[in-house]
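**Student:** Sharing my_file21.tsv (TSV, C-alpha atoms (C1' of nucleotides)) below.
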chain	number	residue	atom	x	y	z
A	29	MET	CA	99.30	175.34	-179.42
A	30	THR	CA	97.55	173.45	-176.68
A	31	LYS	CA	100.02	170.64	-176.71
A	32	GLY	CA	103.28	172.41	-177.26
A	33	ARG	CA	105.46	173.75	-174.54
A	34	SER	CA	105.98	177.46	-174.74
A	35	ALA	CA	109.02	178.50	-176.70
A	36	THR	CA	110.54	180.15	-173.66
A	37	GLY	CA	109.94	177.04	-171.62
A	38	ASP	CA	111.67	174.89	-174.18
A	39	GLN	CA	114.60	177.21	-174.21
A	40	ARG	CA	114.95	177.18	-170.45
A	41	ARG	CA	114.87	173.40	-170.44
A	42	SER	CA	117.62	173.30	-173.01
A	43	GLN	CA	119.74	175.43	-170.78
A	44	LEU	CA	118.89	173.41	-167.72
A	45	LEU	CA	120.13	170.25	-169.36
A	46	ARG	CA	123.62	171.63	-169.59
A	47	GLY	CA	125.97	170.17	-167.07
A	48	VAL	CA	123.64	167.37	-166.18
A	49	LEU	CA	122.84	165.57	-169.40
A	50	ASP	CA	126.18	163.80	-169.41
A	51	LEU	CA	125.55	162.62	-165.87
A	52	CYS	CA	122.15	161.27	-166.83
A	53	LEU	CA	123.64	159.26	-169.64
A	54	LEU	CA	126.40	158.02	-167.39
A	55	SER	CA	123.85	157.01	-164.81
A	56	LEU	CA	121.73	155.17	-167.37
A	57	ILE	CA	124.77	153.34	-168.70
A	58	ALA	CA	125.69	152.41	-165.16
A	59	GLU	CA	122.57	150.26	-164.95
A	60	ARG	CA	123.45	148.30	-168.07
A	61	PRO	CA	124.96	148.78	-171.51
A	62	ARG	CA	122.84	151.05	-173.69
A	63	TYR	CA	122.75	152.26	-177.26
A	64	GLY	CA	122.00	155.70	-178.64
A	65	PHE	CA	118.34	155.46	-179.46
A	66	GLU	CA	117.63	154.13	-176.01
A	67	PHE	CA	118.68	157.27	-174.23
A	68	ALA	CA	116.07	159.63	-175.57
A	69	GLU	CA	113.46	157.04	-174.71
A	70	ALA	CA	114.79	156.45	-171.21
A	71	LEU	CA	114.96	160.18	-170.54
A	72	ALA	CA	111.42	160.61	-171.77
A	73	ASP	CA	110.33	157.82	-169.46
A	74	ALA	CA	111.90	159.69	-166.60
A	75	GLY	CA	110.03	162.85	-167.53
A	76	LEU	CA	112.49	164.68	-169.80
A	77	GLU	CA	110.91	164.39	-173.21
A	78	LEU	CA	112.87	167.12	-174.82
A	79	VAL	CA	116.26	165.63	-175.51
A	80	SER	CA	117.04	165.26	-179.18
A	81	ASP	CA	119.47	162.73	-180.62
A	82	GLY	CA	121.46	165.61	-182.02
A	83	SER	CA	122.45	166.36	-178.44
A	84	ILE	CA	123.07	162.80	-177.41
A	85	TYR	CA	125.38	161.42	-180.08
A	86	PRO	CA	127.96	164.19	-179.91
A	87	LEU	CA	127.91	163.95	-176.15
A	88	LEU	CA	128.50	160.20	-176.27
A	89	ALA	CA	131.39	160.76	-178.65
A	90	ARG	CA	132.88	163.34	-176.32
A	91	MET	CA	132.59	161.05	-173.33
A	92	GLU	CA	134.15	158.18	-175.18
A	93	ARG	CA	137.01	160.40	-176.24
A	94	ALA	CA	137.40	161.43	-172.61
A	95	GLY	CA	137.67	157.81	-171.60
A	96	LEU	CA	134.49	157.72	-169.55
A	97	ILE	CA	132.79	155.09	-171.68
A	98	THR	CA	133.65	152.47	-174.27
A	99	SER	CA	131.56	151.16	-177.13
A	100	TYR	CA	130.97	147.98	-179.09
A	101	ARG	CA	128.66	147.15	-181.96
A	102	ALA	CA	125.93	144.60	-182.04
A	103	PRO	CA	123.26	143.77	-184.64
A	104	SER	CA	119.82	145.11	-184.03
A	105	PRO	CA	117.36	142.39	-183.00
A	106	SER	CA	114.45	144.38	-184.42
A	107	GLY	CA	115.97	144.76	-187.87
A	108	GLY	CA	117.80	147.78	-189.11
A	109	ALA	CA	121.23	149.21	-188.68
A	110	PRO	CA	123.54	147.70	-186.07
A	111	ARG	CA	123.53	149.30	-182.66
A	112	LYS	CA	126.43	150.85	-180.85
A	113	TYR	CA	126.36	149.97	-177.19
A	114	TYR	CA	128.18	151.88	-174.51
A	115	ARG	CA	129.42	150.81	-171.14
A	116	LEU	CA	131.18	152.57	-168.28
A	117	THR	CA	134.88	152.64	-167.58
A	118	ASP	CA	136.30	153.04	-164.09
A	119	THR	CA	137.03	156.65	-164.91
A	120	GLY	CA	133.43	157.09	-165.96
A	121	ARG	CA	132.15	155.57	-162.77
A	122	ALA	CA	134.31	157.92	-160.74
A	123	GLU	CA	133.10	160.88	-162.76
A	124	LEU	CA	129.53	159.81	-162.18
A	125	GLY	CA	130.14	159.75	-158.45
A	126	ARG	CA	131.62	163.22	-158.49
A	127	GLY	CA	128.82	164.46	-160.70
A	128	ARG	CA	126.13	163.17	-158.39
A	129	ALA	CA	127.73	165.04	-155.53
A	130	ASP	CA	127.97	168.18	-157.65
A	131	TRP	CA	124.33	167.92	-158.58
A	132	LEU	CA	123.21	167.56	-154.99
A	133	ALA	CA	125.41	170.44	-153.90
A	134	PHE	CA	123.80	172.53	-156.62
A	135	ALA	CA	120.15	171.52	-156.62
A	136	GLY	CA	119.80	171.97	-152.88
A	137	PRO	CA	120.72	175.64	-152.68
A	138	VAL	CA	118.87	176.45	-155.89
A	139	GLY	CA	115.70	174.85	-154.66
A	140	ARG	CA	116.05	176.76	-151.44
A	141	ILE	CA	116.48	180.07	-153.22
A	142	LEU	CA	113.56	179.47	-155.51
A	143	THR	CA	111.16	178.41	-152.79
A	144	ALA	CA	112.38	180.58	-149.93
A	145	THR	CA	110.47	183.62	-151.07
A	146	THR	CA	106.78	184.10	-150.63
A	147	PRO	CA	105.56	182.76	-153.96
A	148	SER	CA	102.42	184.87	-153.76
A	149	THR	CA	101.48	186.76	-156.87
A	150	GLY	CA	100.33	189.55	-154.66
A	151	GLU	CA	101.71	193.06	-154.56
A	152	ASN	CA	105.05	193.75	-153.02
A	153	THR	CA	105.51	196.20	-150.25
A	154	ALA	CA	107.86	198.47	-152.08
B	25	MET	CA	148.07	172.60	-154.42
B	26	THR	CA	144.61	172.98	-155.76
B	27	LYS	CA	142.51	175.41	-153.89
B	28	GLY	CA	139.62	173.07	-153.37
B	29	ARG	CA	137.42	172.66	-156.37
B	30	SER	CA	138.71	170.86	-159.41
B	31	ALA	CA	138.69	172.54	-162.77
B	32	THR	CA	136.17	170.07	-164.13
B	33	GLY	CA	133.92	170.64	-161.16
B	34	ASP	CA	133.99	174.36	-161.74
B	35	GLN	CA	133.11	173.85	-165.34
B	36	ARG	CA	130.17	171.64	-164.54
B	37	ARG	CA	128.86	174.21	-162.10
B	38	SER	CA	129.09	176.89	-164.76
B	39	GLN	CA	126.94	174.80	-167.03
B	40	LEU	CA	124.52	173.95	-164.27
B	41	LEU	CA	123.86	177.61	-163.64
B	42	ARG	CA	122.44	178.04	-167.09
B	43	GLY	CA	118.72	178.32	-167.15
B	44	VAL	CA	118.48	178.86	-163.45
B	45	LEU	CA	120.68	181.81	-162.60
B	46	ASP	CA	118.11	184.25	-163.95
B	47	LEU	CA	115.46	182.63	-161.80
B	48	CYS	CA	117.62	182.91	-158.73
B	49	LEU	CA	118.12	186.61	-159.30
B	50	LEU	CA	114.41	187.06	-159.95
B	51	SER	CA	113.63	185.20	-156.77
B	52	LEU	CA	116.05	187.29	-154.73
B	53	ILE	CA	114.62	190.48	-156.17
B	54	ALA	CA	111.16	189.25	-155.32
B	55	GLU	CA	112.03	189.47	-151.63
B	56	ARG	CA	113.09	193.09	-151.85
B	57	PRO	CA	114.92	195.49	-154.17
B	58	ARG	CA	118.55	194.50	-154.62
B	59	TYR	CA	121.67	195.90	-156.25
B	60	GLY	CA	124.37	194.13	-158.24
B	61	PHE	CA	126.97	193.47	-155.60
B	62	GLU	CA	124.38	191.98	-153.34
B	63	PHE	CA	123.60	189.07	-155.62
B	64	ALA	CA	126.93	187.33	-155.53
B	65	GLU	CA	126.86	187.63	-151.78
B	66	ALA	CA	123.33	186.33	-151.46
B	67	LEU	CA	124.07	183.39	-153.74
B	68	ALA	CA	127.18	182.57	-151.76
B	69	ASP	CA	125.10	182.65	-148.58
B	70	ALA	CA	122.77	180.14	-150.15
B	71	GLY	CA	125.67	177.86	-151.02
B	72	LEU	CA	126.58	178.91	-154.56
B	73	GLU	CA	129.88	180.65	-154.13
B	74	LEU	CA	130.86	180.50	-157.72
B	75	VAL	CA	128.94	183.24	-159.43
B	76	SER	CA	131.05	186.09	-160.72
B	77	ASP	CA	129.79	189.60	-161.28
B	78	GLY	CA	130.76	189.24	-164.92
B	79	SER	CA	127.84	186.87	-165.19
B	80	ILE	CA	125.41	188.87	-163.14
B	81	TYR	CA	125.55	192.32	-164.67
B	82	PRO	CA	124.97	191.24	-168.26
B	83	LEU	CA	122.14	189.03	-167.08
B	84	LEU	CA	120.52	191.88	-165.19
B	85	ALA	CA	120.80	194.04	-168.29
B	86	ARG	CA	119.18	191.33	-170.39
B	87	MET	CA	116.34	190.93	-167.97
B	88	GLU	CA	115.76	194.65	-167.79
B	89	ARG	CA	115.69	194.82	-171.56
B	90	ALA	CA	113.19	191.97	-171.52
B	91	GLY	CA	110.95	193.93	-169.19
B	92	LEU	CA	111.26	191.54	-166.26
B	93	ILE	CA	112.83	194.08	-163.94
B	94	THR	CA	113.28	197.82	-163.60
B	95	SER	CA	116.10	199.76	-162.00
B	96	TYR	CA	116.69	202.97	-160.10
B	97	ARG	CA	119.83	204.51	-158.64
B	98	ALA	CA	120.50	205.34	-155.05
B	99	PRO	CA	123.64	206.59	-153.28
B	100	SER	CA	125.70	204.05	-151.43
B	101	PRO	CA	125.39	204.40	-147.65
B	102	SER	CA	128.86	202.90	-147.18
B	103	GLY	CA	130.61	205.40	-149.44
B	104	GLY	CA	131.58	204.75	-153.02
B	105	ALA	CA	129.76	204.65	-156.28
B	106	PRO	CA	125.97	204.89	-156.30
B	107	ARG	CA	124.09	201.61	-156.40
B	108	LYS	CA	121.66	200.45	-159.02
B	109	TYR	CA	118.70	198.74	-157.46
B	110	TYR	CA	116.37	196.40	-159.29
B	111	ARG	CA	112.81	195.47	-158.63
B	112	LEU	CA	110.35	193.11	-160.27
B	113	THR	CA	107.74	193.96	-162.84
B	114	ASP	CA	104.52	192.01	-163.20
B	115	THR	CA	106.01	190.30	-166.21
B	116	GLY	CA	109.00	189.35	-164.13
B	117	ARG	CA	106.84	187.94	-161.40
B	118	ALA	CA	104.96	185.83	-163.92
B	119	GLU	CA	108.21	184.61	-165.41
B	120	LEU	CA	109.44	183.69	-161.98
B	121	GLY	CA	106.35	181.63	-161.38
B	122	ARG	CA	106.75	179.79	-164.65
B	123	GLY	CA	110.44	179.29	-163.96
B	124	ARG	CA	109.82	177.77	-160.57
B	125	ALA	CA	107.48	175.25	-162.15
B	126	ASP	CA	110.02	174.50	-164.86
B	127	TRP	CA	112.71	173.95	-162.28
B	128	LEU	CA	110.59	171.55	-160.27
B	129	ALA	CA	109.57	169.65	-163.39
B	130	PHE	CA	113.23	169.33	-164.25
B	131	ALA	CA	114.98	168.71	-160.96
B	132	GLY	CA	112.62	165.92	-159.99
B	133	PRO	CA	113.29	163.60	-162.91
B	134	VAL	CA	116.99	164.39	-162.93
B	135	GLY	CA	117.36	163.57	-159.28
B	136	ARG	CA	115.47	160.36	-159.88
B	137	ILE	CA	117.73	159.35	-162.74
B	138	LEU	CA	120.87	160.14	-160.83
B	139	THR	CA	119.88	158.26	-157.72
B	140	ALA	CA	117.75	155.49	-159.17
B	141	THR	CA	120.63	153.36	-160.37
B	142	THR	CA	121.77	150.37	-158.47
B	143	PRO	CA	125.45	151.03	-157.81
B	144	SER	CA	125.88	147.29	-157.77
B	145	THR	CA	129.15	147.24	-159.63
B	146	GLY	CA	131.45	146.57	-156.78
B	147	GLU	CA	131.62	148.86	-153.83
B	148	ASN	CA	128.98	150.84	-152.09
B	149	THR	CA	129.68	154.42	-151.14
B	150	ALA	CA	128.16	154.14	-147.72
C	9	DC	C1'	144.89	219.79	-152.74
C	10	DC	C1'	146.20	215.44	-154.78
C	11	DC	C1'	146.37	210.57	-154.51
C	12	DC	C1'	144.59	206.21	-153.89
C	13	DA	C1'	141.84	202.61	-151.74
C	14	DT	C1'	137.19	201.17	-151.73
C	15	DT	C1'	132.73	200.53	-153.62
C	16	DG	C1'	130.22	199.55	-157.46
C	17	DC	C1'	129.01	199.00	-162.43
C	18	DC	C1'	129.95	197.49	-167.15
C	19	DT	C1'	132.41	195.50	-171.49
C	20	DT	C1'	135.17	192.31	-174.36
C	21	DG	C1'	136.80	187.82	-176.00
C	22	DC	C1'	136.39	183.16	-175.17
C	23	DG	C1'	134.68	178.48	-174.94
C	24	DG	C1'	131.43	174.82	-174.07
C	25	DC	C1'	127.20	172.79	-175.34
C	26	DA	C1'	122.07	171.75	-176.68
C	27	DC	C1'	119.62	171.96	-180.76
C	28	DA	C1'	117.44	171.78	-185.58
C	29	DA	C1'	118.12	170.03	-189.81
C	30	DG	C1'	120.08	167.09	-192.82
C	31	DG	C1'	122.85	163.11	-194.31
C	32	DT	C1'	124.54	158.03	-194.37
C	33	DA	C1'	124.05	153.10	-193.80
C	34	DG	C1'	121.97	148.59	-192.85
C	35	DT	C1'	117.77	145.53	-192.93
C	36	DC	C1'	113.26	144.08	-194.31
C	37	DG	C1'	108.72	143.64	-196.82
C	38	DT	C1'	106.45	143.94	-201.28
D	7	DA	C1'	114.13	147.61	-207.05
D	8	DC	C1'	111.92	150.56	-203.93
D	9	DG	C1'	110.28	152.46	-199.93
D	10	DA	C1'	110.01	152.33	-194.91
D	11	DC	C1'	112.13	151.82	-190.76
D	12	DT	C1'	116.05	151.59	-187.57
D	13	DA	C1'	120.08	153.65	-186.09
D	14	DC	C1'	124.13	156.64	-186.16
D	15	DC	C1'	126.62	160.95	-187.18
D	16	DT	C1'	127.72	165.93	-188.86
D	17	DT	C1'	127.18	170.92	-189.57
D	18	DG	C1'	125.72	175.59	-188.41
D	19	DT	C1'	123.62	178.46	-185.00
D	20	DG	C1'	122.88	180.79	-180.82
D	21	DC	C1'	123.03	181.16	-175.90
D	22	DC	C1'	125.34	182.30	-171.82
D	23	DG	C1'	128.75	181.87	-167.77
D	24	DC	C1'	133.34	183.38	-167.06
D	25	DA	C1'	137.99	185.67	-166.59
D	26	DA	C1'	140.11	189.82	-167.06
D	27	DG	C1'	140.13	194.40	-167.40
D	28	DG	C1'	138.34	199.19	-167.37
D	29	DC	C1'	135.43	203.36	-165.79
D	30	DA	C1'	133.03	206.27	-162.27
D	31	DA	C1'	132.08	208.11	-157.63
D	32	DT	C1'	133.21	208.81	-152.86
D	33	DG	C1'	136.04	209.73	-148.81
D	34	DG	C1'	140.32	209.66	-146.05
D	35	DG	C1'	145.49	210.52	-145.51
D	36	DG	C1'	149.76	212.93	-146.62
Re-express the file's structure as structure tokens.
**Tutor:**
Amino acid sequence: MTKGRSATGDQRRSQLLRGVLDLCLLSLIAERPRYGFEFAEALADAGLELVSDGSIYPLLARMERAGLITSYRAPSPSGGAPRKYYRLTDTGRAELGRGRADWLAFAGPVGRILTATTPSTGENTA
Amino acid sequence: MTKGRSATGDQRRSQLLRGVLDLCLLSLIAERPRYGFEFAEALADAGLELVSDGSIYPLLARMERAGLITSYRAPSPSGGAPRKYYRLTDTGRAELGRGRADWLAFAGPVGRILTATTPSTGENTA
DNA sequence: CCCCATTGCCTTGCGGCACAAGGTAGTCGT
DNA sequence: ACGACTACCTTGTGCCGCAAGGCAATGGGG
């Protein structure tokens, strides 16, 4: 119990990921070609430890179908099944640009709303 | 002619709202008691013009059922149907505090991922 | 008085998506 | 051969924002 995130916290994080997880993957691919297992690790490195591969693979498939990314296979250097690497298309790069703008246009106002109030736990003057 | 936002952009914004819309409402209520119609307006003022009342009322009902807020009715000063005002409970205030922390712990890493990449592939969007 | 515009609240059906759990396949050490 | 590990993919579930539409109360005009 000490270690785990609260159930409600986990649930909120799941919801928060929506609409932005695809952009994160796109952004990570933009740096260099990546394969599935890498993403969860990279996201955890960035501070988002919660993303399960059951969310990532379907999303990658969707994005490939949408023409945002392409894939190719390569043998795993560490032994095991071959990896499936993804890289960006021009369409994907454009989408990433739009998405970044959308995120900024969203996170700004939200942050303002959430911090604009007096965050005191004191009594309200109702 | 499109009226400004693209369909895909609207959809992303819908997804982005998840997990944070309840916190925004909570935060707005924390300032002072509010009624339904006010929220869409307040969110638009903050820069989020997209939220429809079909999202807000069910959410308010859910939060009331969860014990985060309470409601009372008061006649409308501008004529028309009576308003239903909401105010925070202690539980709601606690949830708001937790939510703010969750948001910060989420928005930070995401912003870092989305801006950390070197957009070296070709042009720079300066 | 009746009608209707305005204000305000609520419901239904829909669709997208993260997730948990489980399954498949390739490679290696023993 | 067998298990362990790496890696990829699928299914079922539940949440929640949204569009569209409907109900209730108030007040003004014909």
**Student:** Go ahead and align chain A to chain B (same sequence, so just pair every C-alpha in order, least squares) and export the moved chain as a PDB file with C-alpha atoms, keeping the file's coordinate frame.
**Tutor:**
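superposed34.pdb was written with the following content:
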ATOM      1  CA  MET A  29     145.100 173.197-153.467  1.00  0.00           C
ATOM      2  CA  THR A  30     143.415 172.298-150.228  1.00  0.00           C
ATOM      3  CA  LYS A  31     141.000 175.149-150.413  1.00  0.00           C
ATOM      4  CA  GLY A  32     140.166 175.291-154.067  1.00  0.00           C
ATOM      5  CA  ARG A  33     137.400 173.381-155.694  1.00  0.00           C
ATOM      6  CA  SER A  34     138.588 171.011-158.349  1.00  0.00           C
ATOM      7  CA  ALA A  35     138.652 172.468-161.818  1.00  0.00           C
ATOM      8  CA  THR A  36     136.143 169.921-163.042  1.00  0.00           C
ATOM      9  CA  GLY A  37     133.868 170.707-160.144  1.00  0.00           C
ATOM     10  CA  ASP A  38     133.973 174.390-160.913  1.00  0.00           C
ATOM     11  CA  GLN A  39     133.147 173.709-164.493  1.00  0.00           C
ATOM     12  CA  ARG A  40     130.177 171.542-163.631  1.00  0.00           C
ATOM     13  CA  ARG A  41     128.849 174.224-161.320  1.00  0.00           C
ATOM     14  CA  SER A  42     129.115 176.778-164.075  1.00  0.00           C
ATOM     15  CA  GLN A  43     127.029 174.582-166.271  1.00  0.00           C
ATOM     16  CA  LEU A  44     124.544 173.877-163.534  1.00  0.00           C
ATOM     17  CA  LEU A  45     123.891 177.560-163.065  1.00  0.00           C
ATOM     18  CA  ARG A  46     122.549 177.861-166.564  1.00  0.00           C
ATOM     19  CA  GLY A  47     118.820 178.141-166.713  1.00  0.00           C
ATOM     20  CA  VAL A  48     118.497 178.838-163.043  1.00  0.00           C
ATOM     21  CA  LEU A  49     120.669 181.840-162.321  1.00  0.00           C
ATOM     22  CA  ASP A  50     118.114 184.219-163.770  1.00  0.00           C
ATOM     23  CA  LEU A  51     115.453 182.689-161.556  1.00  0.00           C
ATOM     24  CA  CYS A  52     117.627 183.125-158.491  1.00  0.00           C
ATOM     25  CA  LEU A  53     118.104 186.782-159.237  1.00  0.00           C
ATOM     26  CA  LEU A  54     114.417 187.205-159.903  1.00  0.00           C
ATOM     27  CA  SER A  55     113.627 185.508-156.635  1.00  0.00           C
ATOM     28  CA  LEU A  56     116.061 187.698-154.708  1.00  0.00           C
ATOM     29  CA  ILE A  57     114.625 190.830-156.286  1.00  0.00           C
ATOM     30  CA  ALA A  58     111.163 189.633-155.379  1.00  0.00           C
ATOM     31  CA  GLU A  59     112.028 190.019-151.705  1.00  0.00           C
ATOM     32  CA  ARG A  60     113.101 193.628-152.115  1.00  0.00           C
ATOM     33  CA  PRO A  61     114.929 195.890-154.543  1.00  0.00           C
ATOM     34  CA  ARG A  62     118.568 194.896-154.948  1.00  0.00           C
ATOM     35  CA  TYR A  63     121.676 196.184-156.650  1.00  0.00           C
ATOM     36  CA  GLY A  64     124.363 194.312-158.541  1.00  0.00           C
ATOM     37  CA  PHE A  65     126.985 193.780-155.901  1.00  0.00           C
ATOM     38  CA  GLU A  66     124.382 192.387-153.564  1.00  0.00           C
ATOM     39  CA  PHE A  67     123.607 189.387-155.693  1.00  0.00           C
ATOM     40  CA  ALA A  68     126.945 187.652-155.538  1.00  0.00           C
ATOM     41  CA  GLU A  69     126.881 188.124-151.792  1.00  0.00           C
ATOM     42  CA  ALA A  70     123.335 186.842-151.407  1.00  0.00           C
ATOM     43  CA  LEU A  71     124.093 183.809-153.555  1.00  0.00           C
ATOM     44  CA  ALA A  72     127.189 183.086-151.524  1.00  0.00           C
ATOM     45  CA  ASP A  73     125.114 183.315-148.370  1.00  0.00           C
ATOM     46  CA  ALA A  74     122.788 180.738-149.815  1.00  0.00           C
ATOM     47  CA  GLY A  75     125.689 178.421-150.569  1.00  0.00           C
ATOM     48  CA  LEU A  76     126.599 179.309-154.166  1.00  0.00           C
ATOM     49  CA  GLU A  77     129.905 181.086-153.814  1.00  0.00           C
ATOM     50  CA  LEU A  78     130.944 180.758-157.378  1.00  0.00           C
ATOM     51  CA  VAL A  79     128.960 183.370-159.231  1.00  0.00           C
ATOM     52  CA  SER A  80     131.069 186.141-160.674  1.00  0.00           C
ATOM     53  CA  ASP A  81     129.812 189.642-161.411  1.00  0.00           C
ATOM     54  CA  GLY A  82     130.734 189.088-165.025  1.00  0.00           C
ATOM     55  CA  SER A  83     127.810 186.683-165.158  1.00  0.00           C
ATOM     56  CA  ILE A  84     125.411 188.813-163.202  1.00  0.00           C
ATOM     57  CA  TYR A  85     125.541 192.202-164.895  1.00  0.00           C
ATOM     58  CA  PRO A  86     124.932 190.960-168.423  1.00  0.00           C
ATOM     59  CA  LEU A  87     122.116 188.812-167.136  1.00  0.00           C
ATOM     60  CA  LEU A  88     120.509 191.773-165.383  1.00  0.00           C
ATOM     61  CA  ALA A  89     120.794 193.782-168.579  1.00  0.00           C
ATOM     62  CA  ARG A  90     119.159 190.993-170.542  1.00  0.00           C
ATOM     63  CA  MET A  91     116.305 190.710-168.084  1.00  0.00           C
ATOM     64  CA  GLU A  92     115.727 194.420-168.088  1.00  0.00           C
ATOM     65  CA  ARG A  93     115.661 194.418-171.860  1.00  0.00           C
ATOM     66  CA  ALA A  94     113.146 191.583-171.697  1.00  0.00           C
ATOM     67  CA  GLY A  95     110.941 193.653-169.449  1.00  0.00           C
ATOM     68  CA  LEU A  96     111.236 191.412-166.413  1.00  0.00           C
ATOM     69  CA  ILE A  97     112.826 194.045-164.203  1.00  0.00           C
ATOM     70  CA  THR A  98     113.284 197.798-164.051  1.00  0.00           C
ATOM     71  CA  SER A  99     116.112 199.801-162.549  1.00  0.00           C
ATOM     72  CA  TYR A 100     116.740 203.091-160.793  1.00  0.00           C
ATOM     73  CA  ARG A 101     119.875 204.684-159.416  1.00  0.00           C
ATOM     74  CA  ALA A 102     120.584 205.663-155.880  1.00  0.00           C
ATOM     75  CA  PRO A 103     123.728 206.972-154.154  1.00  0.00           C
ATOM     76  CA  SER A 104     125.745 204.501-152.198  1.00  0.00           C
ATOM     77  CA  PRO A 105     125.423 205.011-148.436  1.00  0.00           C
ATOM     78  CA  SER A 106     128.858 203.492-147.860  1.00  0.00           C
ATOM     79  CA  GLY A 107     130.651 205.835-150.239  1.00  0.00           C
ATOM     80  CA  GLY A 108     131.599 205.029-153.769  1.00  0.00           C
ATOM     81  CA  ALA A 109     129.826 204.871-157.059  1.00  0.00           C
ATOM     82  CA  PRO A 110     126.036 205.118-157.121  1.00  0.00           C
ATOM     83  CA  ARG A 111     124.118 201.876-157.062  1.00  0.00           C
ATOM     84  CA  LYS A 112     121.681 200.611-159.621  1.00  0.00           C
ATOM     85  CA  TYR A 113     118.719 198.977-157.969  1.00  0.00           C
ATOM     86  CA  TYR A 114     116.396 196.564-159.678  1.00  0.00           C
ATOM     87  CA  ARG A 115     112.823 195.676-158.978  1.00  0.00           C
ATOM     88  CA  LEU A 116     110.348 193.241-160.500  1.00  0.00           C
ATOM     89  CA  THR A 117     107.730 193.982-163.104  1.00  0.00           C
ATOM     90  CA  ASP A 118     104.498 192.025-163.377  1.00  0.00           C
ATOM     91  CA  THR A 119     105.983 190.176-166.312  1.00  0.00           C
ATOM     92  CA  GLY A 120     108.985 189.315-164.189  1.00  0.00           C
ATOM     93  CA  ARG A 121     106.833 188.030-161.389  1.00  0.00           C
ATOM     94  CA  ALA A 122     104.949 185.811-163.805  1.00  0.00           C
ATOM     95  CA  GLU A 123     108.197 184.524-165.255  1.00  0.00           C
ATOM     96  CA  LEU A 124     109.440 183.759-161.777  1.00  0.00           C
ATOM     97  CA  GLY A 125     106.331 181.718-161.100  1.00  0.00           C
ATOM     98  CA  ARG A 126     106.763 179.739-164.283  1.00  0.00           C
ATOM     99  CA  GLY A 127     110.444 179.279-163.575  1.00  0.00           C
ATOM    100  CA  ARG A 128     109.832 177.903-160.116  1.00  0.00           C
ATOM    101  CA  ALA A 129     107.489 175.335-161.584  1.00  0.00           C
ATOM    102  CA  ASP A 130     110.040 174.458-164.254  1.00  0.00           C
ATOM    103  CA  TRP A 131     112.724 174.014-161.650  1.00  0.00           C
ATOM    104  CA  LEU A 132     110.605 171.703-159.542  1.00  0.00           C
ATOM    105  CA  ALA A 133     109.580 169.693-162.580  1.00  0.00           C
ATOM    106  CA  PHE A 134     113.257 169.328-163.419  1.00  0.00           C
ATOM    107  CA  ALA A 135     114.993 168.849-160.087  1.00  0.00           C
ATOM    108  CA  GLY A 136     112.614 166.118-158.993  1.00  0.00           C
ATOM    109  CA  PRO A 137     113.264 163.664-161.805  1.00  0.00           C
ATOM    110  CA  VAL A 138     116.976 164.439-161.847  1.00  0.00           C
ATOM    111  CA  GLY A 139     117.321 163.788-158.161  1.00  0.00           C
ATOM    112  CA  ARG A 140     115.448 160.559-158.612  1.00  0.00           C
ATOM    113  CA  ILE A 141     117.702 159.415-161.426  1.00  0.00           C
ATOM    114  CA  LEU A 142     120.846 160.285-159.558  1.00  0.00           C
ATOM    115  CA  THR A 143     119.849 158.588-156.332  1.00  0.00           C
ATOM    116  CA  ALA A 144     117.833 155.680-157.694  1.00  0.00           C
ATOM    117  CA  THR A 145     120.867 153.565-158.408  1.00  0.00           C
ATOM    118  CA  THR A 146     122.842 151.733-155.803  1.00  0.00           C
ATOM    119  CA  PRO A 147     125.503 154.334-155.073  1.00  0.00           C
ATOM    120  CA  SER A 148     127.926 151.660-153.920  1.00  0.00           C
ATOM    121  CA  THR A 149     131.432 151.898-155.256  1.00  0.00           C
ATOM    122  CA  GLY A 150     131.481 148.161-155.404  1.00  0.00           C
ATOM    123  CA  GLU A 151     131.882 146.034-158.495  1.00  0.00           C
ATOM    124  CA  ASN A 152     129.079 145.697-160.951  1.00  0.00           C
ATOM    125  CA  THR A 153     127.667 142.392-161.937  1.00  0.00           C
ATOM    126  CA  ALA A 154     128.477 142.658-165.584  1.00  0.00           C
TER     127      ALA A 154
END
**Student:** Find the residues of chain A that sit at most 6 Å from chain B; for each, write down the nearest two atoms and how far apart they are in Å, to one decimal. Count all atoms listed in the file. Sort by chain, then by number going up, and give it as JSON lines.
**Tutor:**
{"residue": "A:Arg40", "atom": "CA", "partner": "B:Gly43", "partner_atom": "CA", "distance": 5.1}
{"residue": "A:Gln43", "atom": "CA", "partner": "B:Gly43", "partner_atom": "CA", "distance": 4.8}
{"residue": "A:Leu44", "atom": "CA", "partner": "B:Gly43", "partner_atom": "CA", "distance": 4.9}
{"residue": "A:Arg46", "atom": "CA", "partner": "B:Gln39", "partner_atom": "CA", "distance": 5.3}
{"residue": "A:Gly47", "atom": "CA", "partner": "B:Gln39", "partner_atom": "CA", "distance": 4.7}
{"residue": "A:Ser55", "atom": "CA", "partner": "B:Leu138", "partner_atom": "CA", "distance": 5.9}
{"residue": "A:Glu59", "atom": "CA", "partner": "B:Thr141", "partner_atom": "CA", "distance": 5.9}
{"residue": "A:Ala74", "atom": "CA", "partner": "B:Pro133", "partner_atom": "CA", "distance": 5.6}
{"residue": "A:Gly75", "atom": "CA", "partner": "B:Pro133", "partner_atom": "CA", "distance": 5.7}
{"residue": "A:Pro137", "atom": "CA", "partner": "B:Ala70", "partner_atom": "CA", "distance": 5.6}
{"residue": "A:Leu142", "atom": "CA", "partner": "B:Ser51", "partner_atom": "CA", "distance": 5.9}
**Student:** Have a look at atom CA of Lys112 of chain A and atom C1' of DA13 of chain D and let me know their distance in Å, one decimal.
**Tutor:** 8.7 Å
**Student:** Could you please tell me, as a list in words, which residues of chain C have an atom within 12 Å of chain A when using only C-alpha atoms (C1' of nucleotides)?
**Tutor:** DG24, DC25, DA26, DC27, DA28, DA29, DG30, DT32, DA33, DG34, DT35, DC36 and DG37 of chain C
